[in-house]
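Source file: protein_15.txt (compact mmCIF, C-alpha atoms)
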# COMPACT_ATOMS: atom_id res chain seq x y z
CA MET A 67 -7.57 -17.49 146.62
CA SER A 68 -10.21 -20.18 145.95
CA GLN A 69 -12.58 -17.47 144.77
CA ASP A 70 -10.12 -15.75 142.45
CA VAL A 71 -10.72 -15.64 138.74
CA ASP A 72 -7.94 -17.44 136.89
CA ASN A 73 -6.79 -15.05 134.18
CA CYS A 74 -4.83 -17.75 132.39
CA GLU A 75 -7.90 -18.69 130.38
CA ASP A 76 -7.84 -15.29 128.69
CA PRO A 77 -5.40 -15.19 125.76
CA ASN A 78 -5.50 -11.39 125.90
CA LEU A 79 -4.34 -11.10 129.48
CA GLU A 80 -1.79 -8.48 128.50
CA ASN A 81 -4.60 -6.23 127.36
CA PHE A 82 -5.56 -5.89 131.00
CA ASP A 83 -1.98 -5.10 131.94
CA HIS A 84 -1.82 -2.47 129.22
CA ASP A 85 -4.80 -0.76 130.86
CA HIS A 86 -2.32 0.41 133.50
CA CYS A 87 -4.66 -1.03 136.16
CA GLN A 88 -7.11 1.75 135.48
CA SER A 89 -9.84 2.47 137.99
CA GLU A 90 -12.38 5.20 138.64
CA GLU A 91 -9.91 7.09 140.82
CA ARG A 92 -10.02 10.26 138.75
CA ASN A 93 -11.19 12.50 141.57
CA ALA A 94 -7.81 13.36 143.01
CA SER A 95 -4.73 15.19 141.89
CA SER A 96 -1.42 15.40 143.67
CA CYS A 97 2.22 15.80 142.83
CA GLN A 98 5.50 14.48 144.14
CA SER A 99 8.65 16.37 143.27
CA ALA A 100 12.17 15.23 143.90
CA SER A 101 15.33 17.19 144.46
CA THR A 102 18.77 15.92 143.63
CA SER A 103 19.02 14.72 147.22
CA GLY A 104 16.63 11.95 146.26
CA ARG A 105 13.88 12.97 148.65
CA VAL A 106 10.49 13.30 147.04
CA CYS A 107 7.91 15.91 147.94
CA CYS A 108 4.13 15.70 147.62
CA SER A 109 1.92 18.64 146.80
CA ASN A 110 -1.58 19.38 145.58
CA HIS A 111 -2.14 22.12 143.01
CA ALA A 112 -5.56 23.70 143.43
CA GLN A 113 -5.71 25.01 139.88
CA THR A 114 -5.09 21.66 138.26
CA CYS A 115 -7.01 19.32 140.53
CA SER A 116 -10.44 17.90 139.90
CA GLN A 117 -13.13 19.72 141.85
CA GLU A 118 -14.31 16.41 143.26
CA ARG A 119 -10.97 15.36 144.69
CA SER A 120 -10.80 13.61 147.99
CA SER A 121 -10.84 15.81 151.06
CA ILE A 122 -7.69 14.19 152.37
CA MET A 123 -5.78 15.61 149.40
CA SER A 124 -7.35 19.06 149.24
CA ASN A 125 -4.73 20.98 151.21
CA PRO A 126 -2.59 22.83 148.63
CA THR A 127 0.55 22.62 150.72
CA THR A 128 3.78 20.80 150.12
CA GLU A 129 5.29 18.30 152.46
CA GLU A 130 8.40 16.22 152.22
CA VAL A 131 8.00 12.47 152.27
CA GLN A 132 10.77 10.61 154.02
CA SER A 133 11.24 7.01 154.98
CA ASP A 134 11.03 6.39 158.70
CA HIS A 135 12.30 2.80 158.31
CA GLN A 136 10.17 1.68 161.27
CA HIS A 137 7.58 -0.40 159.51
CA GLU A 138 6.29 -3.39 161.44
CA PRO A 139 5.98 -6.63 159.44
CA ILE A 140 2.42 -7.82 158.96
CA SER A 141 1.84 -11.53 158.92
CA GLY A 142 -0.90 -12.65 156.57
CA SER A 143 -0.30 -16.40 156.70
CA CYS A 144 -2.81 -18.52 158.50
CA ALA A 145 -3.19 -21.93 156.87
CA GLY A 146 -0.29 -23.45 158.77
CA GLU A 147 -1.59 -22.34 162.15
CA VAL A 148 -5.07 -23.83 162.12
CA GLY A 149 -6.25 -27.39 162.26
CA ASN A 150 -9.74 -27.60 160.78
CA ASN A 151 -12.05 -26.04 158.23
CA GLU A 152 -13.87 -23.89 160.74
CA GLU A 153 -10.60 -22.29 161.81
CA ILE A 154 -9.48 -21.84 158.20
CA ALA A 155 -12.73 -20.08 157.44
CA GLU A 156 -12.30 -17.84 160.45
CA CYS A 157 -8.73 -16.99 159.57
CA CYS A 158 -8.81 -16.65 155.80
CA GLY A 159 -12.17 -14.98 155.38
CA ASN A 160 -13.60 -17.23 152.59
CA ASP A 161 -16.37 -19.79 152.73
CA VAL A 162 -14.83 -23.26 153.08
CA THR A 163 -16.45 -26.53 151.98
CA ASP A 164 -15.36 -29.80 153.62
CA SER A 165 -15.27 -33.25 152.01
CA ASN A 166 -18.95 -33.78 152.89
CA GLY A 167 -20.08 -30.60 151.19
CA ASN A 168 -20.61 -28.64 154.39
CA VAL A 169 -20.01 -24.91 153.98
CA PHE A 170 -18.45 -22.93 156.81
CA SER A 171 -19.08 -19.20 156.62
CA PRO A 172 -16.33 -17.09 158.16
CA PRO A 173 -17.33 -15.31 161.36
CA HIS A 174 -15.59 -11.93 161.53
CA ASP A 175 -16.59 -11.01 165.06
CA TRP A 176 -13.07 -11.50 166.36
CA LEU A 177 -11.65 -9.09 163.77
CA GLY A 178 -11.42 -5.38 164.40
CA PRO A 179 -13.74 -3.22 162.26
CA SER A 180 -10.82 -1.99 160.15
CA LEU A 181 -9.89 -5.57 159.20
CA GLN A 182 -13.35 -6.77 158.17
CA LEU A 183 -12.73 -6.28 154.47
CA ASN A 184 -14.17 -8.04 151.45
CA VAL A 185 -11.74 -7.25 148.65
CA PRO A 186 -13.39 -7.25 145.20
CA LEU A 187 -11.81 -9.53 142.65
CA VAL A 188 -11.21 -6.57 140.34
CA ASP A 189 -8.98 -5.01 143.00
CA ILE A 190 -7.06 -8.27 143.38
CA ASP A 191 -6.48 -8.26 139.62
CA LYS A 192 -5.25 -4.67 139.79
CA VAL A 193 -2.71 -5.60 142.44
CA ARG A 194 -1.48 -8.46 140.28
CA CYS A 195 -1.19 -6.00 137.40
CA ILE A 196 0.88 -3.68 139.57
CA ILE A 197 3.21 -6.54 140.48
CA ARG A 198 3.78 -7.29 136.79
CA ASN A 199 4.45 -3.60 136.16
CA ILE A 200 7.01 -3.62 138.97
CA ILE A 201 8.91 -6.27 137.03
CA ARG A 202 8.69 -4.20 133.83
CA ASP A 203 9.98 -1.01 135.47
CA TRP A 204 12.07 -1.99 138.46
CA ALA A 205 13.52 -5.48 138.03
CA ALA A 206 16.37 -6.94 136.00
CA GLU A 207 13.84 -9.29 134.37
CA GLY A 208 12.15 -6.27 132.78
CA GLU A 209 15.35 -5.01 131.15
CA LYS A 210 14.46 -6.49 127.76
CA GLU A 211 11.10 -4.70 127.63
CA ARG A 212 12.65 -1.46 128.82
CA TYR A 213 15.29 -1.81 126.11
CA GLN A 214 12.57 -2.28 123.48
CA CYS A 215 10.30 0.55 124.68
CA TYR A 216 12.33 3.09 126.66
CA LYS A 217 15.68 3.01 124.88
CA PRO A 218 14.38 4.39 121.53
CA ILE A 219 12.63 7.21 123.39
CA LEU A 220 15.69 8.10 125.44
CA GLU A 221 17.96 8.02 122.38
CA GLU A 222 15.56 10.28 120.48
CA LEU A 223 15.36 12.79 123.34
CA ASP A 224 19.14 12.80 123.66
CA ALA A 225 19.54 13.52 119.94
CA LEU A 226 16.85 16.21 119.80
CA PHE A 227 18.20 18.16 122.79
CA PRO A 228 22.00 17.87 122.45
CA ASN A 229 22.93 21.04 124.36
CA ARG A 230 21.02 20.64 127.60
CA SER A 231 21.73 23.19 130.30
CA LYS A 232 21.93 22.16 133.95
CA GLU A 233 20.85 25.64 134.98
CA SER A 234 17.78 25.60 132.70
CA PRO A 235 17.06 22.02 131.64
CA PRO A 236 14.37 21.34 129.03
CA ALA A 237 11.01 20.32 130.49
CA CYS A 238 9.58 16.92 129.56
CA LEU A 239 6.13 15.58 130.50
CA VAL A 240 5.41 11.84 130.65
CA PRO A 241 1.64 11.19 130.79
CA GLY A 242 0.66 7.69 131.88
CA ALA A 243 3.96 7.34 133.70
CA GLY A 244 2.92 4.22 135.61
CA LEU A 245 5.56 3.33 138.18
CA GLY A 246 7.87 6.14 137.11
CA ARG A 247 10.90 4.42 135.61
CA LEU A 248 10.72 6.14 132.21
CA ALA A 249 10.19 9.56 133.81
CA LEU A 250 13.18 8.91 136.08
CA GLU A 251 15.39 7.82 133.17
CA ILE A 252 14.45 11.01 131.30
CA SER A 253 15.36 13.05 134.38
CA CYS A 254 18.73 11.30 134.52
CA LEU A 255 19.34 12.44 130.92
CA GLY A 256 19.25 16.04 132.09
CA PHE A 257 15.58 16.96 131.67
CA MET A 258 13.21 18.50 134.18
CA SER A 259 10.91 15.51 133.99
CA GLN A 260 7.38 15.14 135.34
CA GLY A 261 5.41 11.91 135.27
CA ASN A 262 1.62 12.00 135.32
CA GLU A 263 -0.51 9.09 136.54
CA PHE A 264 -4.09 8.91 137.81
CA SER A 265 -4.19 5.37 139.26
CA TYR A 266 -3.86 5.27 143.03
CA TYR A 267 -2.41 1.78 142.70
CA MET A 268 0.39 3.07 140.50
CA MET A 269 0.99 6.23 142.54
CA ILE A 270 1.23 4.42 145.87
CA CYS A 271 3.65 1.85 144.49
CA SER A 272 5.82 4.36 142.61
CA SER A 273 5.99 6.59 145.68
CA PHE A 274 7.09 3.64 147.79
CA ILE A 275 9.85 2.62 145.39
CA LEU A 276 11.08 6.16 144.71
CA ASN A 277 10.99 7.31 148.34
CA HIS A 278 11.70 4.29 150.50
CA THR A 279 14.46 2.45 148.67
CA GLN A 280 17.85 2.30 150.40
CA THR A 281 19.63 -0.41 148.41
CA THR A 282 19.22 -2.26 145.15
CA GLY A 283 17.44 -5.57 145.50
CA GLN A 284 16.01 -4.47 148.83
CA TRP A 285 12.77 -6.41 148.46
CA THR A 286 11.93 -9.87 147.15
CA ILE A 287 8.63 -10.52 145.39
CA TYR A 288 7.13 -13.54 143.65
CA PRO A 289 5.40 -11.97 140.64
CA TRP A 290 4.32 -15.11 138.81
CA ILE A 291 3.06 -17.16 141.74
CA HIS A 292 -0.59 -16.64 140.70
CA SER A 293 0.06 -17.50 137.05
CA ASN A 294 -0.89 -21.15 136.76
CA CYS A 295 -0.81 -21.47 132.98
CA ASN A 296 2.02 -21.73 130.46
CA SER A 297 4.71 -22.40 133.08
CA LEU A 298 7.64 -24.51 131.98
CA SER A 299 8.32 -25.63 135.54
CA ASP A 300 7.27 -25.08 139.14
CA ASN A 301 10.51 -23.24 139.74
CA ASP A 302 9.65 -20.74 137.00
CA GLN A 303 6.30 -20.01 138.58
CA LEU A 304 7.70 -19.76 142.11
CA ARG A 305 10.93 -17.92 141.33
CA PRO A 306 11.76 -14.84 143.41
CA VAL A 307 12.62 -11.48 141.87
CA LEU A 308 14.64 -8.78 143.61
CA ILE A 309 13.58 -5.14 143.29
CA PRO A 310 14.57 -2.48 142.53
CA ASP A 311 17.42 -3.07 140.10
CA ILE A 312 18.71 0.49 140.62
CA LEU A 313 18.69 2.90 143.54
CA PRO A 314 16.48 5.84 142.47
CA ALA A 315 18.06 8.30 144.91
CA SER A 316 21.51 7.62 143.42
CA ALA A 317 20.47 7.48 139.78
CA GLY A 318 21.50 11.07 139.06
CA ILE A 319 18.13 12.73 138.68
CA THR A 320 17.83 16.34 137.56
CA GLU A 321 16.42 18.97 139.91
CA GLY A 322 12.66 19.24 139.43
CA PHE A 323 11.83 15.57 138.84
CA SER A 324 8.25 14.99 139.97
CA MET A 325 5.25 12.67 139.80
CA CYS A 326 1.84 14.31 139.43
CA GLY A 327 -1.33 12.39 140.23
CA GLY A 328 -4.56 13.12 138.38
CA ASP A 329 -6.41 12.60 135.12
CA PHE A 330 -4.34 13.90 132.20
CA VAL A 331 -7.23 15.88 130.70
CA GLU A 332 -8.26 17.46 134.00
CA VAL A 333 -4.74 18.36 135.10
CA TYR A 334 -3.21 19.62 131.86
CA ASN A 335 -6.24 21.14 130.13
CA ASP A 336 -5.58 24.28 132.11
CA SER A 337 -4.46 27.73 131.00
CA SER A 338 -1.41 27.55 133.27
CA GLN A 339 -0.09 24.62 131.18
CA ILE A 340 -0.21 26.32 127.76
CA GLY A 341 3.20 26.32 126.07
CA VAL A 342 5.02 25.01 129.16
CA TRP A 343 6.71 21.83 127.90
CA ASP A 344 9.64 21.34 125.55
CA ALA A 345 8.77 17.68 125.04
CA VAL A 346 5.89 15.29 125.72
CA VAL A 347 6.61 11.55 125.81
CA THR A 348 3.72 9.09 125.59
CA CYS A 349 4.50 5.39 126.02
CA PHE A 350 1.57 2.95 125.89
CA PHE A 351 -0.68 5.90 126.71
CA ILE A 352 -2.66 7.54 123.91
CA ASP A 353 -5.07 4.61 123.57
CA THR A 354 -6.17 5.04 127.19
CA ALA A 355 -8.30 7.99 126.08
CA HIS A 356 -12.06 8.13 125.82
CA ASN A 357 -11.41 10.69 123.10
CA ILE A 358 -7.96 10.44 121.55
CA ILE A 359 -8.57 13.69 119.66
CA GLU A 360 -8.79 15.48 123.00
CA TYR A 361 -5.46 13.99 124.04
CA ILE A 362 -3.79 15.22 120.84
CA GLU A 363 -5.31 18.68 121.23
CA ILE A 364 -4.01 19.00 124.81
CA ILE A 365 -0.55 17.72 123.88
CA SER A 366 -0.38 20.35 121.12
CA ARG A 367 -1.56 23.09 123.48
CA ILE A 368 0.89 22.39 126.30
CA LEU A 369 3.94 22.11 124.02
CA LYS A 370 6.04 25.13 123.24
CA GLU A 371 6.33 26.13 119.60
CA GLY A 372 8.96 23.86 118.13
CA GLY A 373 8.41 21.36 120.96
CA VAL A 374 8.43 17.62 120.24
CA TRP A 375 5.98 14.82 120.86
CA ILE A 376 7.51 11.35 121.03
CA ASN A 377 5.03 8.48 121.05
CA PHE A 378 5.48 4.73 121.48
CA GLY A 379 2.72 2.14 121.66
CA PRO A 380 -0.24 0.38 120.03
CA LEU A 381 -3.86 1.49 119.65
CA LEU A 382 -5.59 -0.93 122.02
CA TYR A 383 -8.41 1.44 122.88
CA HIS A 384 -9.28 0.68 126.49
CA PHE A 385 -12.91 1.74 126.37
CA ALA A 386 -13.71 0.15 123.01
CA ASP A 387 -15.95 -2.58 124.45
CA MET A 388 -17.76 -0.56 127.12
CA TYR A 389 -21.17 -0.88 125.50
CA GLY A 390 -24.21 0.49 127.28
CA GLN A 391 -22.28 2.65 129.75
CA GLU A 392 -23.14 6.30 129.28
CA ASP A 393 -19.87 7.63 130.72
CA GLU A 394 -17.64 5.26 128.74
CA MET A 395 -17.49 7.02 125.37
CA SER A 396 -14.76 5.73 123.10
CA ILE A 397 -13.41 7.15 119.85
CA GLU A 398 -11.28 4.60 118.04
CA LEU A 399 -9.19 5.87 115.15
CA SER A 400 -6.78 4.04 112.91
CA LEU A 401 -3.11 4.93 113.04
CA GLU A 402 -3.49 6.73 109.73
CA ASP A 403 -6.31 8.87 111.12
CA VAL A 404 -4.42 9.58 114.35
CA LYS A 405 -1.56 11.04 112.32
CA LYS A 406 -3.98 13.11 110.24
CA ILE A 407 -5.54 14.54 113.40
CA ALA A 408 -2.06 15.38 114.71
CA LEU A 409 -1.27 17.28 111.51
CA HIS A 410 -4.53 19.20 111.93
CA TYR A 411 -3.40 20.33 115.40
CA GLY A 412 -0.14 21.77 114.11
CA PHE A 413 2.23 18.81 114.21
CA GLN A 414 4.58 17.72 111.49
CA LEU A 415 5.92 14.18 111.35
CA GLU A 416 9.72 13.95 111.55
CA LYS A 417 10.33 10.28 112.21
CA GLU A 418 8.26 7.09 112.21
CA GLN A 419 8.86 3.37 112.54
CA THR A 420 7.29 0.19 113.90
CA ILE A 421 8.93 -1.63 116.82
CA GLU A 422 7.96 -5.08 118.05
CA THR A 423 7.67 -5.37 121.81
CA THR A 424 5.84 -7.01 124.70
CA TYR A 425 4.11 -5.54 127.74
CA THR A 426 4.54 -6.92 131.29
CA THR A 427 5.23 -10.35 129.86
CA ASN A 428 6.66 -13.21 131.89
CA PRO A 429 9.89 -13.86 129.96
CA ARG A 430 9.76 -17.57 130.86
CA SER A 431 6.11 -18.09 129.88
CA MET A 432 5.12 -20.43 127.05
CA MET A 433 2.80 -17.69 125.77
CA GLN A 434 4.24 -14.38 124.56
CA ASN A 435 1.94 -11.65 123.21
CA HIS A 436 3.69 -9.13 120.98
CA TYR A 437 2.74 -5.63 119.87
CA HIS A 438 3.86 -3.94 116.67
CA ALA A 439 4.09 -0.55 118.33
CA ALA A 440 4.04 2.77 116.50
CA PHE A 441 7.07 4.91 117.32
CA TRP A 442 7.13 8.47 116.05
CA THR A 443 8.54 11.93 116.62
CA MET A 444 6.36 14.91 115.77
CA ARG A 445 7.21 18.56 116.14
CA LYS A 446 4.79 21.39 116.85
CA LYS A 447 5.08 23.92 114.06
CA ARG A 448 6.25 27.40 114.89
CA THR A 449 3.81 30.18 114.20
CA SER A 450 5.02 32.13 111.20
CA THR A 451 5.44 35.85 111.74
CA THR A 452 4.94 38.37 108.94

Can you turn what I pasted into C-alpha cells?
Amino acid sequence: MSQDVDNCEDPNLENFDHDHCQSEERNASSCQSASTSGRVCCSNHAQTCSQERSSIMSNPTTEEVQSDHQHEPISGSCAGEVGNNEEIAECCGNDVTDSNGNVFSPPHDWLGPSLQLNVPLVDIDKVRCIIRNIIRDWAAEGEKERYQCYKPILEELDALFPNRSKESPPACLVPGAGLGRLALEISCLGFMSQGNEFSYYMMICSSFILNHTQTTGQWTIYPWIHSNCNSLSDNDQLRPVLIPDILPASAGITEGFSMCGGDFVEVYNDSSQIGVWDAVVTCFFIDTAHNIIEYIEIISRILKEGGVWINFGPLLYHFADMYGQEDEMSIELSLEDVKKIALHYGFQLEKEQTIETTYTTNPRSMMQNHYHAAFWTMRKKRTSTT
C-alpha cells in the first residue's frame, strides 16, 4: 500500500468511477442468462463476439453456473506475523526502507510461480472503483443514488409498458450495466432484461453477486478504508458495509434475464440485433463512446419501430483527454447536438428533464461531487406506409 497513488488529491475522483473501471478488455464476449429459479447461465455467441476474443471463452456452448459453497478462505495478512523489515519485504512484496535508509528488496523465491505477481497501480484503482460500485448497486448505503438514478427510469418503463405479458414480456437492453442492479430491477418489473458490460472487473463481480448469494448481508466489506481524505472521523473511514441488500435469486426476476459481456458496438452492431428490442436504457453510458454518433445509430437500429430509448446521465466523455493515442478517438458533442443527432436517426423526443445526482459517492464524505444529469425518453418513429 506504500506504493499506491492516493486519489484523494484529485478533486475529480468520481470521474474515474464514472468510467466504469474501463480497461482494454474488449476482446471477449460472453453472456449469462438467468431463469426464474435464480440460477444464471453463461454462454458465448459466435455471431456477436469479437474475432479476437480469448480462447478460453471461444466455445459457443452454454453452461450453468452454480455455487459450490466450498471456497477456502485466503489469508492475505502478514504484517502481524513478522518481526523485521526483511520479513515484511518478503511477505508483502514491496521494497521496504528502514530508519537508516536501507532498502530491502523482496525475494520471491519462496513463492510459487502463480503467486509472483506485480499488480499495476491502475488495476488496484480499478478494484477500488469496483468496490465503490458495489456500494452503489448492492448496499443499503447506495439506496439514495439508486433512488436518484434508477427510480425515474423504472417509473418511466412502468408507465410506457402498462400491459406487460408474462408469456411474452417486452425486451429491454441495458448497455453499460455495470454490476447488474438496474438490469435486475427492470427484470423484476416484468421485462426480459439483458445487461451488457465489457469490463472483466464488472462481469466477474456481478456474476459473483448474482450467482453466489444465499442471504442478504452475506458479506462484509470496508469500501472507504483506502479513502484518507475528507473523512469526518476514523469510524466513518473504517465502517463496515454489508452486501447485498437484497437476495437476487428471490427478487422476482422475469424469465430471460441475462448479462452479456462484450463491447456494445461489437456485440450489437450485428444484423441479428436489428429491430429486436422494445426498449433500450442507458444510465451513465453514452459518454463512454469513442464516437457517440455510432452509439446512437446502433441504438436506433436495434430498437423496434415505436421502441423507446430512455437515457440518464452526464456527458463526461471518457476519451476526451487521450491526446496522442491513435486508437483513442473521441467525438464530444454538446447535449443540444446529441439530441439533434438522435432526431436525425429517427427518434422523437417525448420527455426531458435534468436530475441532480451523485455517482459512487461516499455519503459521509466532506466532499460531494454532483452531476446535473440529462434524463430523457425518445421514441423511434414508425415507418409510414402508403

Point (12.7, 0.3, 122.0) neighbourhood (9 Å, all atoms listed in the file) written as a ChimeraX atom specification: /A:211-219,378,421-423,441

Spatial neighbours of stretch 368-372 of chain A, max dist 10 Å, only C-alpha atoms, sep filter under 6 positions, as a ChimeraX atom specification: /A:237-239,334-346,412-413,444-449

Selection: 9 Å around stretch 199-208 of chain A, all atoms listed in the file, excl. self and same-chain fewer than 3 positions, as a PyMOL selection string: chain A and resi 83+86+194-196+211-213+244-248+268+271-272+275+283+289+307-312+425-429

Straight-line distance linking atom CA of A:Pro241 with atom CA of A:Phe330, stated in Å to one decimal: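 About the pair atom CA of A:Pro241 and atom CA of A:Phe330: they are 6.7 Å apart.
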
Shell around A:Pro236 at 9 Å using all atoms listed in the file, local window under 4 positions removed, as a PyMOL selection string: chain A and resi 227+230-231+256-259+343-345

Residues as selected, C-alpha atoms, written as a JSON list (two decimals), in the coordinates of the input, can you do that?
[["chain", "number", "residue", "atom", "x", "y", "z"],
["A", 227, "PHE", "CA", 18.20, 18.16, 122.79],
["A", 230, "ARG", "CA", 21.02, 20.64, 127.60],
["A", 231, "SER", "CA", 21.73, 23.19, 130.30],
["A", 256, "GLY", "CA", 19.25, 16.04, 132.09],
["A", 257, "PHE", "CA", 15.58, 16.96, 131.67],
["A", 258, "MET", "CA", 13.21, 18.50, 134.18],
["A", 259, "SER", "CA", 10.91, 15.51, 133.99],
["A", 343, "TRP", "CA", 6.71, 21.83, 127.90],
["A", 344, "ASP", "CA", 9.64, 21.34, 125.55],
["A", 345, "ALA", "CA", 8.77, 17.68, 125.04]]

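Of the listed residues A:Ala439, A:Leu183, A:Val404, A:Leu382, the one whose atoms come nearest to A:Ile362 is A:Val404, with distances taken using only C-alpha atoms.
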
Atom pair atom CA of A:Asp353 / atom CA of A:Glu332: separation (Å):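 Calculated distance between atom CA of A:Asp353 and atom CA of A:Glu332 is 16.9 Å.
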
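Among the candidates A:Met325, A:Leu276, A:Leu250, A:Leu255, the residue lying nearest to A:Asn229 is A:Leu255 (atoms considered: all atoms listed in the file).
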
d(atom CA of A:Asn184, atom CA of A:Tyr267) in Å: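 For atom CA of A:Asn184 relative to atom CA of A:Tyr267, the distance reads 17.6 Å.
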
Counting all atoms listed in the file, the option among A:Ile407, A:Val188, A:Cys254, A:Ile319 closest to A:Glu363: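 The closest residue to A:Glu363 is A:Ile407.
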
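Considering only C-alpha atoms, the residue among A:Asn294, A:Ser234, A:Thr354, A:Asn377 positioned nearest to A:Leu220 is A:Asn377.
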
Of the listed residues A:Thr443, A:Asn435, A:Ser396, A:Asn301, that which approaches A:Glu416 most closely, counting all atoms listed in the file: A:Thr443

Best match for closeness to A:Asn262 among A:Ser316, A:Ser324, A:Gln419, A:Ser297, counting only C-alpha atoms: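 Of the candidates, the smallest distance to A:Asn262 is held by A:Ser324.
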